[in-house]
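Participant: Right, I'll just put the structure down here and ask away after.
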Amino acid sequence: MDVEKLTRALVDIESITGGEGPVAHFLADALASAGFPVRLQEARPGRFNVFAAEGTPEVVLSSHLDTVPPFIPSREDEQFIYGRGACDAKGAIAAQVVAAAGLAPELRRRVALLYVVGEEQGSAGARAAGQLGVRAKYLINGEPTENRLVRGCKGALRVELLARGRAAHSAYPEEGESAIEKLIDALVALRALPLPQHPLLGRTTWNVGVLEGGVRANVVPASARAEILFRTVENTSGLLRSLSDQVGDRVKIQVLQDVPPALLATLDGFASSVVAFTTDIPYLTGWGKPLLLGPGSIRDAHTDGEKIAKAELHRAVELYRRLAIRLLQVELQVREEPGILESESL
């Protein structure tokens, strides 16, 4: 199998979250052609996880099928492949498939492949994957880490701030109550919010990603909302209490998603790093003790110029192969602590 051709083929199939069906069927056919028995799991109507295994797996290579919008078809030059999903995470999928297909038969029977839907929004596929009833020793998750094993990644807390007011004609604002003004006051107050820090993961950060409210400029707005994503470094109970104290009764707070941070395993002989993004790993702990590595840079992901270096793709094939062989020969200790998944390094 050719990792560059497979990457471009995957990129050229639109698979924005919610529409992963076509890419799942394509990948299932490609894996079957490579000799893997394949199972499709319908995680949501029309949305399929792909699982491939010849025997009882000890190591599982995994990533996600979905991308953020908009769809951008592939193109390439001498150095790079471009397009939506090139590095997040279809290049990793291609590299994992090629690595697994190239293993010696006795090793290939001990390795499985799992590709899930919905990682970019809600992790529906990772949540459903546990119903497949498969347990392994190790999970190697593929995300753009510049081909470095990740020692730690931040969690994600997504919240909605909802403000309610009372509509009125804007010529008589005293007869209404502006929900937008309440929301603005709450967001300004958030700038003084004390943010937790972690010695490895660094500081908690936050971003206002969605801001909505009102109907027209001549109407005092009766409702307004914002969605905020915190990149977290610890259990979020304290952060949520601080958030509530900081905004007071100006808005209602609703938690939309809460994914814990993770401290992960590294292996001697593999470069390592720490990242600020979040993955499906907290929902996939039943699949084995987790590691995180993949080609490409997260700074290229979700951009109009998303790309992956061809050299990194080929390097990832070799790294996934080496990791699988190495993990079939070692024992890795892992423990869970409140709000954070922690693995010991080898």
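Residue numbering restarts at 1 in every chain; chains get A, B, ... in the order shown in the structure tokens, and ligands count up from 1 in that same order.
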Using only C-alpha atoms, determine which residues lie at most 10 Å from range 171-183 of chain A, disregarding the query and same-chain residues fewer than 5 positions distant; provide the list as a PDB file with C-alpha atoms, in the first residue's frame.
Facilitator:
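Output (selection_12.pdb):
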```pdb
ATOM      1  CA  LEU A 161     -23.310  30.920  28.933  1.00  0.00           C
ATOM      2  CA  LEU A 162     -26.974  31.788  28.433  1.00  0.00           C
ATOM      3  CA  ALA A 163     -28.339  35.234  29.271  1.00  0.00           C
ATOM      4  CA  ARG A 164     -32.034  36.077  29.450  1.00  0.00           C
ATOM      5  CA  GLY A 165     -33.505  39.571  29.162  1.00  0.00           C
ATOM      6  CA  ARG A 166     -36.720  41.275  28.127  1.00  0.00           C
ATOM      7  CA  VAL A 188     -15.553  40.774  30.929  1.00  0.00           C
ATOM      8  CA  ALA A 189     -15.715  39.308  34.437  1.00  0.00           C
ATOM      9  CA  LEU A 211     -21.258  34.531  20.354  1.00  0.00           C
ATOM     10  CA  GLU A 212     -24.930  34.958  19.460  1.00  0.00           C
ATOM     11  CA  GLY A 213     -27.748  37.249  20.489  1.00  0.00           C
ATOM     12  CA  GLY A 214     -30.539  39.547  19.485  1.00  0.00           C
ATOM     13  CA  ASN A 218     -33.729  48.289  16.926  1.00  0.00           C
ATOM     14  CA  VAL A 219     -34.828  45.594  19.408  1.00  0.00           C
ATOM     15  CA  VAL A 220     -33.536  45.242  22.966  1.00  0.00           C
ATOM     16  CA  PRO A 221     -32.316  41.603  22.906  1.00  0.00           C
ATOM     17  CA  ALA A 222     -34.212  39.067  25.008  1.00  0.00           C
ATOM     18  CA  SER A 223     -31.570  36.344  24.757  1.00  0.00           C
ATOM     19  CA  ALA A 224     -27.864  35.894  24.097  1.00  0.00           C
ATOM     20  CA  ARG A 225     -25.427  33.029  24.370  1.00  0.00           C
ATOM     21  CA  ALA A 226     -21.738  32.252  24.166  1.00  0.00           C
ATOM     22  CA  VAL A 247     -20.127  35.551  36.534  1.00  0.00           C
ATOM     23  CA  ASP A 249     -26.315  35.534  38.364  1.00  0.00           C
ATOM     24  CA  ARG A 250     -25.789  37.362  35.068  1.00  0.00           C
ATOM     25  CA  VAL A 251     -25.960  34.157  33.026  1.00  0.00           C
ATOM     26  CA  LYS A 252     -26.867  30.488  33.296  1.00  0.00           C
TER      27      LYS A 252
END
```
Participant: Skip Met1 in chain A itself and residues of its chain fewer than 6 positions away, then list as a list of chain:residue names all residues within 9 Å of it, counting only C-alpha atoms.
Facilitator: A:Ala34, A:Val97, A:Val98, A:Ala101, A:Gly102
Participant: How would the residues just picked look written out with N, CA and C atoms as a PDB file, in the first residue's frame?
Facilitator:
```pdb
ATOM      1  N   ALA A  34      -6.694  -5.394   1.799  1.00  0.00           N
ATOM      2  CA  ALA A  34      -5.363  -5.686   2.339  1.00  0.00           C
ATOM      3  C   ALA A  34      -5.354  -6.957   3.183  1.00  0.00           C
ATOM      4  N   VAL A  97      -2.404   2.241   8.722  1.00  0.00           N
ATOM      5  CA  VAL A  97      -2.843   1.124   7.876  1.00  0.00           C
ATOM      6  C   VAL A  97      -1.659   0.506   7.151  1.00  0.00           C
ATOM      7  N   VAL A  98      -0.803   1.351   6.576  1.00  0.00           N
ATOM      8  CA  VAL A  98       0.357   0.839   5.850  1.00  0.00           C
ATOM      9  C   VAL A  98       1.306   0.125   6.812  1.00  0.00           C
ATOM     10  N   ALA A 101      -0.298  -3.263   7.751  1.00  0.00           N
ATOM     11  CA  ALA A 101      -0.302  -4.191   6.617  1.00  0.00           C
ATOM     12  C   ALA A 101       1.080  -4.769   6.353  1.00  0.00           C
ATOM     13  N   GLY A 102       2.128  -4.035   6.731  1.00  0.00           N
ATOM     14  CA  GLY A 102       3.481  -4.485   6.459  1.00  0.00           C
ATOM     15  C   GLY A 102       4.107  -5.317   7.563  1.00  0.00           C
TER      16      GLY A 102
END
```
Participant: Go through A:Gly55, A:Gly286, A:Pro295, A:Gly133 and flag the residue nearest Glu318 in chain A, using only C-alpha atoms for the distances.
Facilitator: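 Smallest distance to Glu318 in chain A is found for A:Pro295.
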Participant: Give me the residues of range 236-282 of chain A that have any atom at most 9 Å from an atom of range 112-129 of chain A; for each, the nearest atom pair and the distance in Å, rounded to one decimal. Use only C-alpha atoms, sort by chain and number, and format it as a Markdown table.
Facilitator:
```
| residue | atom | partner | partner_atom | distance |
| --- | --- | --- | --- | --- |
| A:Leu256 | CA | A:Gly122 | CA | 8.9 |
| A:Gln257 | CA | A:Gly122 | CA | 7.2 |
| A:Thr279 | CA | A:Glu119 | CA | 7.3 |
| A:Asp280 | CA | A:Glu119 | CA | 6.2 |
| A:Ile281 | CA | A:Ala126 | CA | 8.2 |
| A:Pro282 | CA | A:Ala126 | CA | 9.0 |
```
Participant: Write out as a ChimeraX atom specification the set of residues from range 105-340 of chain A that DSSP, computed on the backbone, places in strand (DSSP E).
Facilitator: /A:111-116,138-141,149-153,155-164,168-169,197-198,202-203,205-213,219-220,223-232,252-259,262-263,272-275,289-292,307-309,334-337,340
Participant: Identify which of the residues A:Leu263, A:Val11, A:Ile325, A:Val159 lies closest to Ile72 in chain A, counting only C-alpha atoms when measuring atom-to-atom distances.
Facilitator: A:Val11
Participant: So that I can see what lies close to Thr236 in chain A, please list as a ChimeraX atom specification the residues with an atom at most 12 Å from it, counting only C-alpha atoms and leaving out residues fewer than 3 positions away in the same chain.
Facilitator: /A:154-159,195-197,204,230-233,239-243,255,257-261,338-340
Participant: Keeping only N, CA and C atoms, take the residues you just selected and write them out as a short mmCIF file (atom, residue, chain, number, x, y, z; two decimals), in the first residue's frame.
Facilitator:
```
data_model
loop_
_atom_site.label_atom_id
_atom_site.label_comp_id
_atom_site.auth_asym_id
_atom_site.auth_seq_id
_atom_site.Cartn_x
_atom_site.Cartn_y
_atom_site.Cartn_z
N LYS A 154 -3.80 18.38 27.24
CA LYS A 154 -4.82 19.06 28.04
C LYS A 154 -6.19 18.45 27.81
N GLY A 155 -7.08 18.70 28.76
CA GLY A 155 -8.48 18.33 28.60
C GLY A 155 -9.26 19.47 27.97
N ALA A 156 -10.57 19.29 27.87
CA ALA A 156 -11.42 20.32 27.26
C ALA A 156 -12.73 20.41 28.03
N LEU A 157 -13.05 21.60 28.45
CA LEU A 157 -14.34 21.89 29.10
C LEU A 157 -15.07 22.90 28.23
N ARG A 158 -16.16 22.46 27.62
CA ARG A 158 -16.96 23.34 26.77
C ARG A 158 -18.24 23.71 27.50
N VAL A 159 -18.47 25.00 27.68
CA VAL A 159 -19.63 25.47 28.42
C VAL A 159 -20.40 26.49 27.59
N LEU A 195 -7.01 30.91 36.84
CA LEU A 195 -6.91 29.72 36.00
C LEU A 195 -5.89 28.75 36.56
N PRO A 196 -6.26 27.46 36.70
CA PRO A 196 -5.34 26.46 37.25
C PRO A 196 -4.11 26.26 36.36
N GLN A 197 -3.02 25.83 36.99
CA GLN A 197 -1.80 25.50 36.28
C GLN A 197 -1.32 24.12 36.69
N THR A 204 -4.19 26.61 32.26
CA THR A 204 -5.50 26.52 31.63
C THR A 204 -5.74 27.77 30.78
N PHE A 230 -12.57 25.79 27.46
CA PHE A 230 -11.40 25.84 28.32
C PHE A 230 -10.50 24.66 27.99
N ARG A 231 -9.21 24.89 27.84
CA ARG A 231 -8.22 23.83 27.72
C ARG A 231 -7.69 23.57 29.13
N THR A 232 -8.10 22.46 29.73
CA THR A 232 -7.93 22.25 31.15
C THR A 232 -6.71 21.40 31.49
N VAL A 233 -6.25 21.54 32.73
CA VAL A 233 -5.05 20.82 33.17
C VAL A 233 -5.30 20.01 34.44
N LEU A 239 -12.67 24.68 38.81
CA LEU A 239 -12.81 25.71 37.77
C LEU A 239 -14.27 26.10 37.59
N LEU A 240 -15.18 25.12 37.61
CA LEU A 240 -16.60 25.42 37.44
C LEU A 240 -17.13 26.24 38.62
N ARG A 241 -16.67 25.95 39.82
CA ARG A 241 -17.09 26.76 40.96
C ARG A 241 -16.59 28.19 40.81
N SER A 242 -15.34 28.34 40.41
CA SER A 242 -14.78 29.69 40.21
C SER A 242 -15.51 30.44 39.11
N LEU A 243 -15.86 29.71 38.04
CA LEU A 243 -16.60 30.33 36.93
C LEU A 243 -17.95 30.84 37.41
N VAL A 255 -22.81 22.94 31.13
CA VAL A 255 -21.65 22.18 30.65
C VAL A 255 -22.07 21.35 29.44
N GLN A 257 -19.55 19.71 27.38
CA GLN A 257 -18.59 18.60 27.27
C GLN A 257 -17.48 18.81 28.27
N ASP A 258 -17.02 17.72 28.86
CA ASP A 258 -15.93 17.79 29.83
C ASP A 258 -15.03 16.58 29.63
N VAL A 259 -13.90 16.79 28.97
CA VAL A 259 -12.93 15.73 28.69
C VAL A 259 -11.71 15.97 29.57
N PRO A 260 -11.31 15.00 30.38
CA PRO A 260 -10.18 15.23 31.28
C PRO A 260 -8.84 15.29 30.55
N PRO A 261 -7.85 15.96 31.14
CA PRO A 261 -6.50 15.91 30.60
C PRO A 261 -5.90 14.52 30.81
N PRO A 338 -8.05 11.03 40.18
CA PRO A 338 -9.27 11.81 39.96
C PRO A 338 -9.09 12.90 38.89
N GLY A 339 -9.85 12.78 37.83
CA GLY A 339 -9.88 13.82 36.82
C GLY A 339 -8.73 13.81 35.83
N ILE A 340 -7.80 12.85 35.98
CA ILE A 340 -6.66 12.85 35.06
C ILE A 340 -6.18 11.42 34.88
#
```
Participant: Report as an MDAnalysis selection string: the residues of range 17-225 of chain A with a DSSP assignment of alpha helix (DSSP H), based on the backbone of this structure.
Facilitator: chainID A and resid 21:33 91:101 105:108 124:129 179:190
Participant: When distances are computed from only C-alpha atoms, which of A:Leu327, A:Glu234, A:Ala265, A:Asp300 shows the smallest separation from Gly202 in chain A?
Facilitator: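 Using only C-alpha atoms, Gly202 in chain A sits closest to A:Glu234.
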Participant: Excluding Phe71 in chain A and its own-chain neighbours fewer than 5 positions away, which residues fall within 12 Å of it when counting only C-alpha atoms? Please give them as an mmCIF file with N, CA and C atoms, in the first residue's frame.
Facilitator:
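The new file result08.cif reads:
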```
data_model
loop_
_atom_site.group_PDB
_atom_site.id
_atom_site.type_symbol
_atom_site.label_atom_id
_atom_site.label_comp_id
_atom_site.auth_asym_id
_atom_site.auth_seq_id
_atom_site.Cartn_x
_atom_site.Cartn_y
_atom_site.Cartn_z
ATOM 1 N N LEU A 10 -8.158 9.406 1.075
ATOM 2 C CA LEU A 10 -8.972 9.691 2.261
ATOM 3 C C LEU A 10 -9.355 11.162 2.326
ATOM 4 N N VAL A 11 -8.395 12.048 2.048
ATOM 5 C CA VAL A 11 -8.674 13.487 2.085
ATOM 6 C C VAL A 11 -9.749 13.859 1.075
ATOM 7 N N ASP A 12 -9.764 13.189 -0.072
ATOM 8 C CA ASP A 12 -10.702 13.543 -1.138
ATOM 9 C C ASP A 12 -12.134 13.058 -0.879
ATOM 10 N N ILE A 13 -12.350 12.376 0.226
ATOM 11 C CA ILE A 13 -13.711 11.986 0.611
ATOM 12 C C ILE A 13 -14.159 12.905 1.743
ATOM 13 N N GLU A 14 -15.142 13.719 1.488
ATOM 14 C CA GLU A 14 -15.624 14.649 2.524
ATOM 15 C C GLU A 14 -16.141 13.870 3.725
ATOM 16 N N SER A 15 -15.689 14.250 4.914
ATOM 17 C CA SER A 15 -16.128 13.551 6.124
ATOM 18 C C SER A 15 -16.224 14.507 7.307
ATOM 19 N N ILE A 16 -16.813 15.659 7.063
ATOM 20 C CA ILE A 16 -17.089 16.599 8.152
ATOM 21 C C ILE A 16 -17.944 15.887 9.197
ATOM 22 N N THR A 17 -17.703 16.165 10.463
ATOM 23 C CA THR A 17 -18.406 15.492 11.546
ATOM 24 C C THR A 17 -19.906 15.402 11.265
ATOM 25 N N GLY A 19 -20.966 13.399 8.789
ATOM 26 C CA GLY A 19 -21.053 12.835 7.442
ATOM 27 C C GLY A 19 -19.920 11.884 7.129
ATOM 28 N N ASP A 66 -13.463 11.804 11.151
ATOM 29 C CA ASP A 66 -14.129 13.069 10.846
ATOM 30 C C ASP A 66 -13.143 14.232 10.791
ATOM 31 N N TYR A 82 -1.778 18.522 0.689
ATOM 32 C CA TYR A 82 -2.652 19.533 1.275
ATOM 33 C C TYR A 82 -4.095 19.045 1.247
ATOM 34 N N GLY A 83 -4.930 19.643 2.092
ATOM 35 C CA GLY A 83 -6.355 19.347 2.073
ATOM 36 C C GLY A 83 -6.891 19.096 3.468
ATOM 37 N N ARG A 84 -8.209 19.182 3.594
ATOM 38 C CA ARG A 84 -8.822 19.000 4.902
ATOM 39 C C ARG A 84 -8.635 17.574 5.401
ATOM 40 N N GLY A 85 -8.070 17.465 6.590
ATOM 41 C CA GLY A 85 -7.783 16.162 7.171
ATOM 42 C C GLY A 85 -6.403 15.639 6.856
ATOM 43 N N ALA A 86 -5.608 16.370 6.077
ATOM 44 C CA ALA A 86 -4.286 15.865 5.692
ATOM 45 C C ALA A 86 -3.469 15.486 6.922
ATOM 46 N N HIS A 302 -7.052 22.328 11.000
ATOM 47 C CA HIS A 302 -8.186 23.246 11.052
ATOM 48 C C HIS A 302 -7.931 24.554 10.301
ATOM 49 N N THR A 303 -6.859 24.636 9.522
ATOM 50 C CA THR A 303 -6.567 25.851 8.772
ATOM 51 C C THR A 303 -6.886 25.647 7.296
ATOM 52 N N ASP A 304 -6.977 26.758 6.557
ATOM 53 C CA ASP A 304 -7.226 26.670 5.117
ATOM 54 C C ASP A 304 -6.068 26.015 4.383
ATOM 55 N N GLY A 305 -4.863 26.090 4.959
ATOM 56 C CA GLY A 305 -3.692 25.509 4.318
ATOM 57 C C GLY A 305 -3.243 24.216 4.957
ATOM 58 N N GLU A 306 -4.184 23.458 5.538
ATOM 59 C CA GLU A 306 -3.812 22.213 6.210
ATOM 60 C C GLU A 306 -2.962 21.330 5.292
#
```
Participant: If you measure from CA of Leu31 in chain A to CA of Val60 in chain A, what distance in Å do you get, rounded to one decimal?
Facilitator: 14.6 Å
Participant: Kindly indicate which residue among A:Thr278, A:Ser74, A:Ser170, A:Gln246 lies nearest to Asn141 in chain A, using only C-alpha atoms for the distances.
Facilitator: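 Nearest to Asn141 in chain A: A:Thr278.
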